[in-house]
Structures are given as C-alpha cells and as structure tokens.
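Here is the structure we will look at.
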Amino acid sequence: MTAIAVLGSTNMDLVAYVSRAPRLGETVTGREFRTVPGGKGANQAVAAARLGGEVVMIGAIGTDEFGVRLRSALTAAGVETAALRTVEGASGTAHITVDDEGANSIVVVPGANGHVTGLAPGDAARIGAADALLLQLELPLEAVVAGATAARAHGVRTVLTPAPARPLPRELLELIDLLVPNEHEAATLTGFTDPLAAAEALLREVPEVVVTLGAAGALYAARGREPLTVPAPRVRAVDTTAAGDTFVGALAVALGEGRPMPEALTWAARAASLAVQRPGAQPSMPTRADLDAPPPPAAPGPDPATAPPPGPGAPAGEGALPRGGGGA
C-alpha cells in the first residue's frame, strides 16, 4: 500500500450552482446551494485514500461547526487525522460558483489554514514515513517549504500542485520532484501560454512536470526524455471542481505502486474523468472499485467531418482534467 502524506488546506466548500456565472457587478439566481468538504489538501488526501493509499493529513481546522464536519469527512474516507490540528476561530472556506457547463470560479478564505506556518512536532516523522508528500499553495508558503525540506531530508518524493498560482521561490522549486500545474498555472509560472513551452521552461527548475490540459488530457515532460501527452477519457462534465485534486491523488497512488509514468497518467486521468461526472469535490471522487471496473462502452458519435458545432452544455470530453481555475 502506498503511504502518502498531505500537507495542505482543509476548507468547507460553499457551492452555488447557476446557469452561468455572474459578470462583475451582476446578480444572478442560482438553482441549488451545497456545503461540501473540500480544500485542495484534503481533496488530494481523500482522492488518494479512496484509491487505496494509506494517507495522513497535516493541516488545521477551526473550532467552528465546519471544523467538526471537515475532520469527520476525512476520517470517513480513511484518512489519518492525528496531525490535523485545531486552532481557535473559523475553518477555511471556499466560495464556489459552478455553471451549467461544469466550469467553476472560486474565492478561498484561508481561516485556520493561515495558521499553519510550519511543521508541528511529529510532522517531519510522518512525512519521512511516506512514499510521497503532496503539497499545494493554500497554506502559507513557509509551511510548504518546511514540508518540502523535511521530505527531501528523508528521500521522499515531493509533488507540488502550484495552486493558487503565484511565482515560486527557487528555494522551494529546488525541493520539488514533480510539479503538476494546469495550463493557467503553468503560464503564470513561466509566461508561456503554450503548454509544451511552459513545461520545458519549468524543467529548468524541477526534474518532472505534468501539465493538465482539460479535454486534451495531460502533458508529461522530464529532463532527458521526450514529452508525452496522455488523452483524457471523453465524458460529459457536471462539476470540474475536484478534477485536478483527484488526478494528483490518483497519480501519487499509481506511482507509489510502481506503475510506469504513462500508465500512471492514464489511470489518474480516468479517475479525474469519473470525478467530473458527479457534483461536489470530495463526494465526487471515485473509489478503487470504481476505477478498476471496466469503463462503459463509449456512445457512438457523429462523424467529426459532418458534426455540427457543440451547443450549450459541456460536450463529451470536456472538463475531464482542469485547464485553469482548479478546485478547492
């Protein structure tokens, strides 16, 4: 069983479903509202645990009702929460709008996550006992650097999802083994909108990069190797909020099981494609049984040469992996 440590955020997602997102200064009427456990760190932890990983979550929740629910959701998914500290005040929240095409926009309020400025006693040992450490950028940067430093000291593979996107210091990039941005994040980090050019630029800083490309799948690049693109399964997206986090959690499990990178990427892309077909972040994430079941036969489609352009709604194949925006 793959041992995975996650140092990251735990948020309650406050999700409004609308036909279309409001423009600046505009009010629109939604059709549904849900509170769903989320946070990029917790999402990756749940994704990995549901797919067979042995996962420990390192982070913080508040003393509010959300904190109780967030810890309970992690525990129910099989995630070890002994390192999930409780701090006075509010838990983190993510305010999410999801439109009819499954696309989302997100505002994150850190809450308790902002109090995680370093490792607590025992955290370095937990990281050292793992096969991989998963990191994101919803905690203060000093905590992310501290976690990556501990992982490097113990020879643990470090995987960073650079979201929310922002410039990263070299002291952090030098500690990262695998960087997994979406297209928007890759462009923010490098200034290149072309994913391959962005990946090549990032290889000057880290040894391996996976750029997620939405319906086009994922691009893998590594120093000294030819780039590889893995397609995403063709599905109809309902909610892409958890696509990227599901992908990363699944990829960590697959690599920990010793799968070659092309196989691991294909497995992770299928996991993400299952997640986007269901609403919510953690509730949408597949189990190992879901992923190991044979995929249903693809519905026959029209001849591409004669097919009309897609109408409203997410077309088949759209949203299986995040192009930009990410999840919460």
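Please note that chains go A, B, ... in the order of the structure tokens, that every chain numbers its residues from 1, and that ligands are numbered from 1 in the order shown.
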
- Apply DSSP to the structure's backbone, then extract all residues of range 63-104 of chain A labelled strand (DSSP E) and return them as a PyMOL selection string. chain A and resi 84-86+92-98+104

Can I get the selected residues back with N, CA, C and O atoms, as a short mmCIF file (atom, residue, chain, number, x, y, z; two decimals), in the first residue's frame?
```
data_model
loop_
_atom_site.label_atom_id
_atom_site.label_comp_id
_atom_site.auth_asym_id
_atom_site.auth_seq_id
_atom_site.Cartn_x
_atom_site.Cartn_y
_atom_site.Cartn_z
N LEU A 84 -3.96 16.71 12.06
CA LEU A 84 -4.83 17.83 11.68
C LEU A 84 -5.14 18.62 12.95
O LEU A 84 -6.01 18.26 13.74
N ARG A 85 -4.39 19.70 13.16
CA ARG A 85 -4.51 20.47 14.40
C ARG A 85 -5.77 21.33 14.40
O ARG A 85 -6.30 21.67 13.33
N THR A 86 -6.26 21.66 15.57
CA THR A 86 -7.41 22.55 15.73
C THR A 86 -6.93 23.88 16.29
O THR A 86 -6.23 23.91 17.31
N GLY A 92 -11.23 27.16 7.22
CA GLY A 92 -11.15 27.71 5.88
C GLY A 92 -12.42 27.46 5.10
O GLY A 92 -13.12 26.47 5.31
N THR A 93 -12.74 28.37 4.19
CA THR A 93 -13.90 28.20 3.32
C THR A 93 -13.52 28.53 1.88
O THR A 93 -12.60 29.31 1.62
N ALA A 94 -14.23 27.90 0.96
CA ALA A 94 -14.09 28.20 -0.46
C ALA A 94 -15.46 28.49 -1.01
O ALA A 94 -16.40 27.70 -0.84
N HIS A 95 -15.61 29.64 -1.65
CA HIS A 95 -16.90 30.10 -2.16
C HIS A 95 -16.89 29.87 -3.67
O HIS A 95 -16.16 30.54 -4.41
N ILE A 96 -17.69 28.90 -4.11
CA ILE A 96 -17.58 28.35 -5.46
C ILE A 96 -18.87 28.56 -6.23
O ILE A 96 -19.95 28.31 -5.72
N THR A 97 -18.73 29.01 -7.47
CA THR A 97 -19.85 29.09 -8.40
C THR A 97 -19.61 28.08 -9.52
O THR A 97 -18.53 28.08 -10.13
N VAL A 98 -20.57 27.21 -9.76
CA VAL A 98 -20.47 26.19 -10.81
C VAL A 98 -21.58 26.45 -11.82
O VAL A 98 -22.76 26.52 -11.46
N ASN A 104 -16.05 26.32 -13.08
CA ASN A 104 -16.20 26.93 -11.77
C ASN A 104 -15.32 28.16 -11.60
O ASN A 104 -14.32 28.32 -12.31
#
```

Quick one: which range 173-265 of chain A residues come within 8 Å of range 34-52 of chain A, and what is the nearest atom pair for each with the distance in Å to one decimal, counting only C-alpha atoms, rows ordered by chain and ascending number, as CSV?
```
residue,atom,partner,partner_atom,distance
A:Ala242,CA,A:Asn43,CA,7.2
A:Asp245,CA,A:Gln44,CA,4.9
A:Thr246,CA,A:Ala47,CA,5.2
A:Val248,CA,A:Gln44,CA,6.6
A:Gly249,CA,A:Ala48,CA,4.4
A:Ala250,CA,A:Ala48,CA,5.6
A:Ala252,CA,A:Ala48,CA,7.2
A:Val253,CA,A:Ala48,CA,6.1
```

- Message: List the spatial neighbours of range 136-149 of chain A as a PyMOL selection string - criterion: any atom at most 8 Å away, only C-alpha atoms, same-chain residues fewer than 6 positions off excluded.
- Response: chain A and resi 7-9+40-41+110+113-119+124+127+158+160-165+171-172+175-176

- Message: What's the separation between CA of Gly122 in chain A and CA of Met57 in chain A, in Å to one decimal place?
- Response: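 Straight-line distance from CA of Gly122 in chain A to CA of Met57 in chain A works out to 12.4 Å.
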
Using only C-alpha atoms, find each residue in range 166-276 of chain A having at least one atom no more than 12 Å away from range 13-20 of chain A; report its shortest atom-to-atom pair and that distance in Å (one decimal), rows by chain then rising number, as JSON lines.
```
{"residue": "A:Val238", "atom": "CA", "partner": "A:Tyr17", "partner_atom": "CA", "distance": 10.5}
{"residue": "A:Asp239", "atom": "CA", "partner": "A:Tyr17", "partner_atom": "CA", "distance": 9.5}
{"residue": "A:Thr241", "atom": "CA", "partner": "A:Val15", "partner_atom": "CA", "distance": 9.9}
{"residue": "A:Ala242", "atom": "CA", "partner": "A:Asp13", "partner_atom": "CA", "distance": 11.1}
```

- Item | Close residues, Val87 in chain A itself excluded, 10 Å, only C-alpha atoms, min 5 positions apart in chain, as number ranges by chain | A: 60-64, 67, 111-113, 115-116

- Message: Among range 16-260 of chain A, which residues does DSSP mark as helix (DSSP H, G or I) when it is run on the backbone? Keep the chain and numbering as in the structure and answer as a PyMOL selection string.
- Response: chain A and resi 40-50+65-76+111-115+123-128+141-153+170-173+183-190+195-202+214-216+243-256
